[in-house]
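Before any comments, here is the structure.
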Amino acid sequence: MSSSWERGAAAPPGVLPAPCASKVELRLSCRHLLDRDPLTKSDPSVVLLLQSQGQWVQVDRTEVVRSSLHPVFSKVFTLDYYFEEAQKLRFEIVAQKKMTRALLLKFGRNAGKSTITVIAEDISGNNGYVELSFRAQKLDDKDLFSKSDPFLELYRVNDDQSEQLVYRTEVVKNNLSPAWEPFKVTLSSLCSGQETRPLKCLVWDYDSRGKHDFIGEFSTTYEEMQKAFGEDQAQWDCVNAKYKQKKRHYKNSGVVILADLKFYRVYSFLDYIMGGCQIHFTVAIDFTASNGDPRNSCSLHYINPFQPNEYLQALVAVGEICQDYDSDKRFSALGFGARIPPKYEVSHDFAINFNPEDDECEGIQGVVEAYQNCLPRVQLYGPTNVAPIISKVARMAAAEEHTGEASQYYILLVLTDGVVTDMADTREAIVRASHLPMSIIIVGVGNADFTDMQTLDGDDGVLRSPRGEPALRDIVQFVPFRELKSASPAALAKCVLAEVPRQVVEYYSHKELPPRGISTHTHEACPQRLGQPGVQPVSVSSTLEVP
């Protein structure tokens, strides 16, 4: 593993960083640290820094482990892992999961035998997390003048039989029947997603000098914990092997009870797609006069037989991706801002195939042909009003919402050459649409000043309606096409569609809708304790000082 964490070259201007392909968890332990305390052993912690634009920035830090020169930290660092960026890191992190390095003093000299070990683990397959709560009864008393101060450690047994600390509870003072606080761990952290992987629980009596007294342990699996908890038999003898060998009638050093077990499933965009969710794609094209006369080669709507115009480039790049998520591959194609036949009245919501009963076209090529056939039949006019089309798609999405299933999600692609004229109505329409299964992508074509359009994209803060109502979700992505002119169609589509998977998951998570075909009420071990679907992953962390 590389000792420096550098990101790859910066993305081209206007191109968003690649979306996170997966995540890795880093776990740390140290050996033979130098003792910096005169009366006791050191109280170490580790600070994680990442290099950003040539500067080292602190990202996170572990808990403090008291009086230990060989600490094993329970804090797990979860980092985004990018497919295209920093490929050296990508390969070495995944291939070399464990790295041990000598620690150096400030001036470059070795710090004796001090080392730090980092274990990296790919968690891209994680699809949920577990909340566990343990308590104990009648633990052995290890203290002479008071009762034990117990804490529990949960370990995962790896394929090489090494033991990886998953979680360490807080210390409960002076109590032989402690109840530890509930904690959450991902399935990846707990058992690498393998429910039969062996787990070990160790119970200790805390000592402020770091010499904790061993009380006992037991082994189990996540599968066994689920079954036992479902049958109200989730308790294990806490056994000290030395006592068992020496004492003839020894039974245990107490009992550890699993007081609660809750499983929370986390669904991904792919889960919804594989469940049959269809992406309904609608394109809305700006036919206002500011585009220029289509017969003029300077017009943004000029049809060049050798080079597609910007409208066509954006339409094809995005549409070819979206069509793979729609089984019938029929797309609604609308126009706004033009005078249309037969009366040549201005319309801000017309079918570019001039069939008001069926505005869909066969595939992206059908949309392209409808667009090219539409240009000579309309008079470019204005103004640039997009609220009517947003509202039209929202009505379809609202009808879908009532089905109570994750069956159809709507994407509206708006191609425009200028700032919208009906900004207040557009904001109102977007806020209403944020409650529906719908996303809006706006591509700014040409060289206009699109500064005001950035307000529709919620990246800089929550979009609000003119009445002050906040959007429930950020559903708008605005991209100026001129900043992507030199990008490949694939890069353009990747940039434009970057936020859609997150928006889909956010919507169905908020509505507590799982992918189709998955019941929220069936689970072999604990049906009454399942969490809601689509919950965002919970990272494992602790701000308490632990033993």
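We label chains A, B, ... in the order they appear in the structure tokens, count residues from 1 in each chain, and number ligands from 1 in the order shown.
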Residue list (alpha helix (DSSP H), DSSP) for range 317-359 of chain A, as JSON, numbers by chain: {"A": [317, 318, 319, 320, 321, 322]}
Dump of C-alpha atoms for the selected residues, as a PDB file, in the first residue's frame:
```
ATOM      1  CA  ALA A 317     -25.289  11.036 -24.965  1.00  0.00           C
ATOM      2  CA  VAL A 318     -27.818  11.064 -22.133  1.00  0.00           C
ATOM      3  CA  GLY A 319     -30.621   9.238 -23.945  1.00  0.00           C
ATOM      4  CA  GLU A 320     -28.493   6.260 -24.941  1.00  0.00           C
ATOM      5  CA  ILE A 321     -27.718   5.611 -21.288  1.00  0.00           C
ATOM      6  CA  CYS A 322     -31.317   6.064 -20.131  1.00  0.00           C
TER       7      CYS A 322
END
```
Excluding range 329-334 of chain A and any residue of its chain fewer than 2 positions from it, enumerate the residues within 10 Å of it, using only C-alpha atoms, and give them as a count of residues only. 42
Among the residues of range 190-245 of chain A, find those DSSP assigns to strand (DSSP E) from the backbone and print them as a compact mmCIF listing (two decimals) with all heavy atoms, in the first residue's frame.
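Result went into result.txt, see below:
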```txt
# COMPACT_ATOMS: atom_id res chain seq x y z
N PRO A 198 -17.20 -17.31 11.96
CA PRO A 198 -17.09 -17.35 13.42
C PRO A 198 -16.87 -15.96 14.02
O PRO A 198 -16.15 -15.13 13.47
CB PRO A 198 -15.87 -18.25 13.67
CG PRO A 198 -15.72 -19.05 12.41
CD PRO A 198 -16.18 -18.15 11.30
N LEU A 199 -17.52 -15.74 15.16
CA LEU A 199 -17.36 -14.52 15.93
C LEU A 199 -16.96 -14.90 17.35
O LEU A 199 -17.34 -15.96 17.85
CB LEU A 199 -18.67 -13.72 15.97
CG LEU A 199 -19.30 -13.35 14.63
CD1 LEU A 199 -20.67 -12.73 14.87
CD2 LEU A 199 -18.41 -12.41 13.85
N LYS A 200 -16.19 -14.02 18.00
CA LYS A 200 -15.80 -14.25 19.39
C LYS A 200 -16.13 -13.02 20.22
O LYS A 200 -15.88 -11.90 19.78
CB LYS A 200 -14.31 -14.57 19.50
CG LYS A 200 -13.92 -15.93 18.95
CD LYS A 200 -12.43 -16.19 19.13
CE LYS A 200 -12.06 -16.35 20.59
NZ LYS A 200 -10.64 -16.74 20.76
N CYS A 201 -16.67 -13.25 21.39
CA CYS A 201 -16.94 -12.17 22.34
C CYS A 201 -16.09 -12.39 23.59
O CYS A 201 -16.15 -13.47 24.19
CB CYS A 201 -18.41 -12.12 22.72
SG CYS A 201 -19.47 -11.40 21.45
N LEU A 202 -15.33 -11.38 23.96
CA LEU A 202 -14.50 -11.44 25.14
C LEU A 202 -14.98 -10.39 26.14
O LEU A 202 -15.29 -9.26 25.75
CB LEU A 202 -13.02 -11.17 24.81
CG LEU A 202 -12.20 -12.32 24.22
CD1 LEU A 202 -12.72 -12.72 22.84
CD2 LEU A 202 -10.72 -11.93 24.12
N VAL A 203 -15.02 -10.76 27.41
CA VAL A 203 -15.43 -9.85 28.46
C VAL A 203 -14.25 -9.62 29.39
O VAL A 203 -13.58 -10.58 29.81
CB VAL A 203 -16.64 -10.40 29.24
CG1 VAL A 203 -17.05 -9.42 30.34
CG2 VAL A 203 -17.80 -10.67 28.30
N TRP A 204 -13.98 -8.35 29.69
CA TRP A 204 -12.83 -7.97 30.51
C TRP A 204 -13.28 -7.10 31.68
O TRP A 204 -14.31 -6.42 31.62
CB TRP A 204 -11.82 -7.16 29.68
CG TRP A 204 -11.28 -7.85 28.47
CD1 TRP A 204 -11.86 -7.91 27.23
CD2 TRP A 204 -10.06 -8.58 28.36
NE1 TRP A 204 -11.08 -8.62 26.36
CE2 TRP A 204 -9.95 -9.04 27.03
CE3 TRP A 204 -9.03 -8.87 29.27
CZ2 TRP A 204 -8.87 -9.77 26.57
CZ3 TRP A 204 -7.94 -9.60 28.82
CH2 TRP A 204 -7.86 -10.06 27.49
N ASP A 205 -12.44 -7.12 32.71
CA ASP A 205 -12.57 -6.18 33.82
C ASP A 205 -11.56 -5.06 33.59
O ASP A 205 -10.35 -5.30 33.55
CB ASP A 205 -12.30 -6.89 35.15
CG ASP A 205 -12.28 -5.92 36.33
OD1 ASP A 205 -13.00 -4.90 36.26
OD2 ASP A 205 -11.53 -6.18 37.31
N ASP A 213 -8.24 -7.45 33.36
CA ASP A 213 -8.38 -8.84 33.79
C ASP A 213 -9.41 -9.55 32.91
O ASP A 213 -10.53 -9.07 32.72
CB ASP A 213 -8.84 -8.90 35.25
CG ASP A 213 -7.79 -8.35 36.21
OD1 ASP A 213 -6.61 -8.67 36.01
OD2 ASP A 213 -8.16 -7.59 37.13
N PHE A 214 -9.02 -10.71 32.41
CA PHE A 214 -9.90 -11.50 31.55
C PHE A 214 -10.97 -12.18 32.38
O PHE A 214 -10.67 -12.86 33.37
CB PHE A 214 -9.07 -12.54 30.79
CG PHE A 214 -9.87 -13.43 29.89
CD1 PHE A 214 -10.53 -12.92 28.78
CD2 PHE A 214 -9.98 -14.80 30.15
CE1 PHE A 214 -11.27 -13.74 27.94
CE2 PHE A 214 -10.71 -15.63 29.32
CZ PHE A 214 -11.36 -15.10 28.21
N ILE A 215 -12.24 -11.98 32.02
CA ILE A 215 -13.35 -12.63 32.71
C ILE A 215 -13.75 -13.90 31.99
O ILE A 215 -13.83 -14.97 32.60
CB ILE A 215 -14.55 -11.67 32.85
CG1 ILE A 215 -14.18 -10.46 33.74
CG2 ILE A 215 -15.75 -12.41 33.42
CD1 ILE A 215 -15.28 -9.43 33.89
N GLY A 216 -14.01 -13.80 30.70
CA GLY A 216 -14.40 -14.99 29.95
C GLY A 216 -14.75 -14.66 28.52
O GLY A 216 -14.71 -13.50 28.10
N GLU A 217 -15.11 -15.70 27.75
CA GLU A 217 -15.41 -15.51 26.33
C GLU A 217 -16.41 -16.56 25.87
O GLU A 217 -16.66 -17.57 26.54
CB GLU A 217 -14.13 -15.60 25.50
CG GLU A 217 -13.49 -16.98 25.51
CD GLU A 217 -12.25 -17.05 24.64
OE1 GLU A 217 -12.42 -17.06 23.39
OE2 GLU A 217 -11.14 -17.09 25.19
N PHE A 218 -16.96 -16.32 24.68
CA PHE A 218 -17.78 -17.33 24.01
C PHE A 218 -17.69 -17.10 22.51
O PHE A 218 -17.30 -16.02 22.06
CB PHE A 218 -19.23 -17.27 24.48
CG PHE A 218 -19.97 -16.01 24.08
CD1 PHE A 218 -20.68 -15.95 22.89
CD2 PHE A 218 -19.96 -14.89 24.91
CE1 PHE A 218 -21.36 -14.80 22.52
CE2 PHE A 218 -20.64 -13.75 24.55
CZ PHE A 218 -21.34 -13.69 23.37
N SER A 219 -18.02 -18.13 21.75
CA SER A 219 -17.99 -18.06 20.28
C SER A 219 -19.39 -18.25 19.74
O SER A 219 -20.22 -18.96 20.31
CB SER A 219 -17.06 -19.12 19.71
OG SER A 219 -15.72 -18.92 20.14
N THR A 220 -19.65 -17.62 18.60
CA THR A 220 -20.95 -17.74 17.96
C THR A 220 -20.80 -17.35 16.49
O THR A 220 -19.69 -17.19 16.00
CB THR A 220 -21.99 -16.85 18.67
OG1 THR A 220 -23.28 -17.08 18.08
CG2 THR A 220 -21.63 -15.38 18.56
N THR A 221 -21.89 -17.20 15.79
CA THR A 221 -21.92 -16.67 14.43
C THR A 221 -23.12 -15.72 14.34
O THR A 221 -24.02 -15.77 15.19
CB THR A 221 -22.09 -17.77 13.37
OG1 THR A 221 -23.37 -18.39 13.53
CG2 THR A 221 -20.99 -18.82 13.48
N GLN A 235 -28.44 -16.42 24.68
CA GLN A 235 -27.51 -16.22 25.77
C GLN A 235 -26.43 -17.29 25.71
O GLN A 235 -26.65 -18.39 25.22
CB GLN A 235 -28.21 -16.23 27.12
CG GLN A 235 -28.81 -17.57 27.54
CD GLN A 235 -29.42 -17.49 28.92
OE1 GLN A 235 -30.13 -16.53 29.25
NE2 GLN A 235 -29.15 -18.48 29.76
N TRP A 236 -25.24 -16.91 26.18
CA TRP A 236 -24.09 -17.78 26.08
C TRP A 236 -23.34 -17.78 27.42
O TRP A 236 -23.23 -16.73 28.08
CB TRP A 236 -23.14 -17.31 24.98
CG TRP A 236 -23.71 -17.42 23.61
CD1 TRP A 236 -23.55 -18.45 22.73
CD2 TRP A 236 -24.53 -16.46 22.94
NE1 TRP A 236 -24.23 -18.19 21.56
CE2 TRP A 236 -24.84 -16.97 21.65
CE3 TRP A 236 -25.05 -15.21 23.29
CZ2 TRP A 236 -25.63 -16.29 20.74
CZ3 TRP A 236 -25.84 -14.53 22.39
CH2 TRP A 236 -26.13 -15.07 21.12
N ASP A 237 -22.80 -18.92 27.78
CA ASP A 237 -21.92 -18.99 28.93
C ASP A 237 -20.63 -18.25 28.63
O ASP A 237 -20.02 -18.45 27.56
CB ASP A 237 -21.60 -20.44 29.27
CG ASP A 237 -22.78 -21.18 29.89
OD1 ASP A 237 -23.66 -20.50 30.46
OD2 ASP A 237 -22.82 -22.42 29.80
```
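Distances to Pro437 in chain A were evaluated for A:Pro501, A:Gly418, A:Pro470, A:Pro305 using only C-alpha atoms, and the minimum falls at A:Pro501.
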Report, in Å to a single decimal, how far apart CA of Pro514 in chain A and CA of Leu472 in chain A are.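 Taking CA of Leu472 in chain A as the start and CA of Pro514 in chain A as the end point, the length is 19.4 Å.
Between Arg66 in chain A and the residues A:Tyr206, A:Tyr508, A:Tyr410, A:Tyr272, the shortest atom-to-atom distance, using only C-alpha atoms, involves A:Tyr206.
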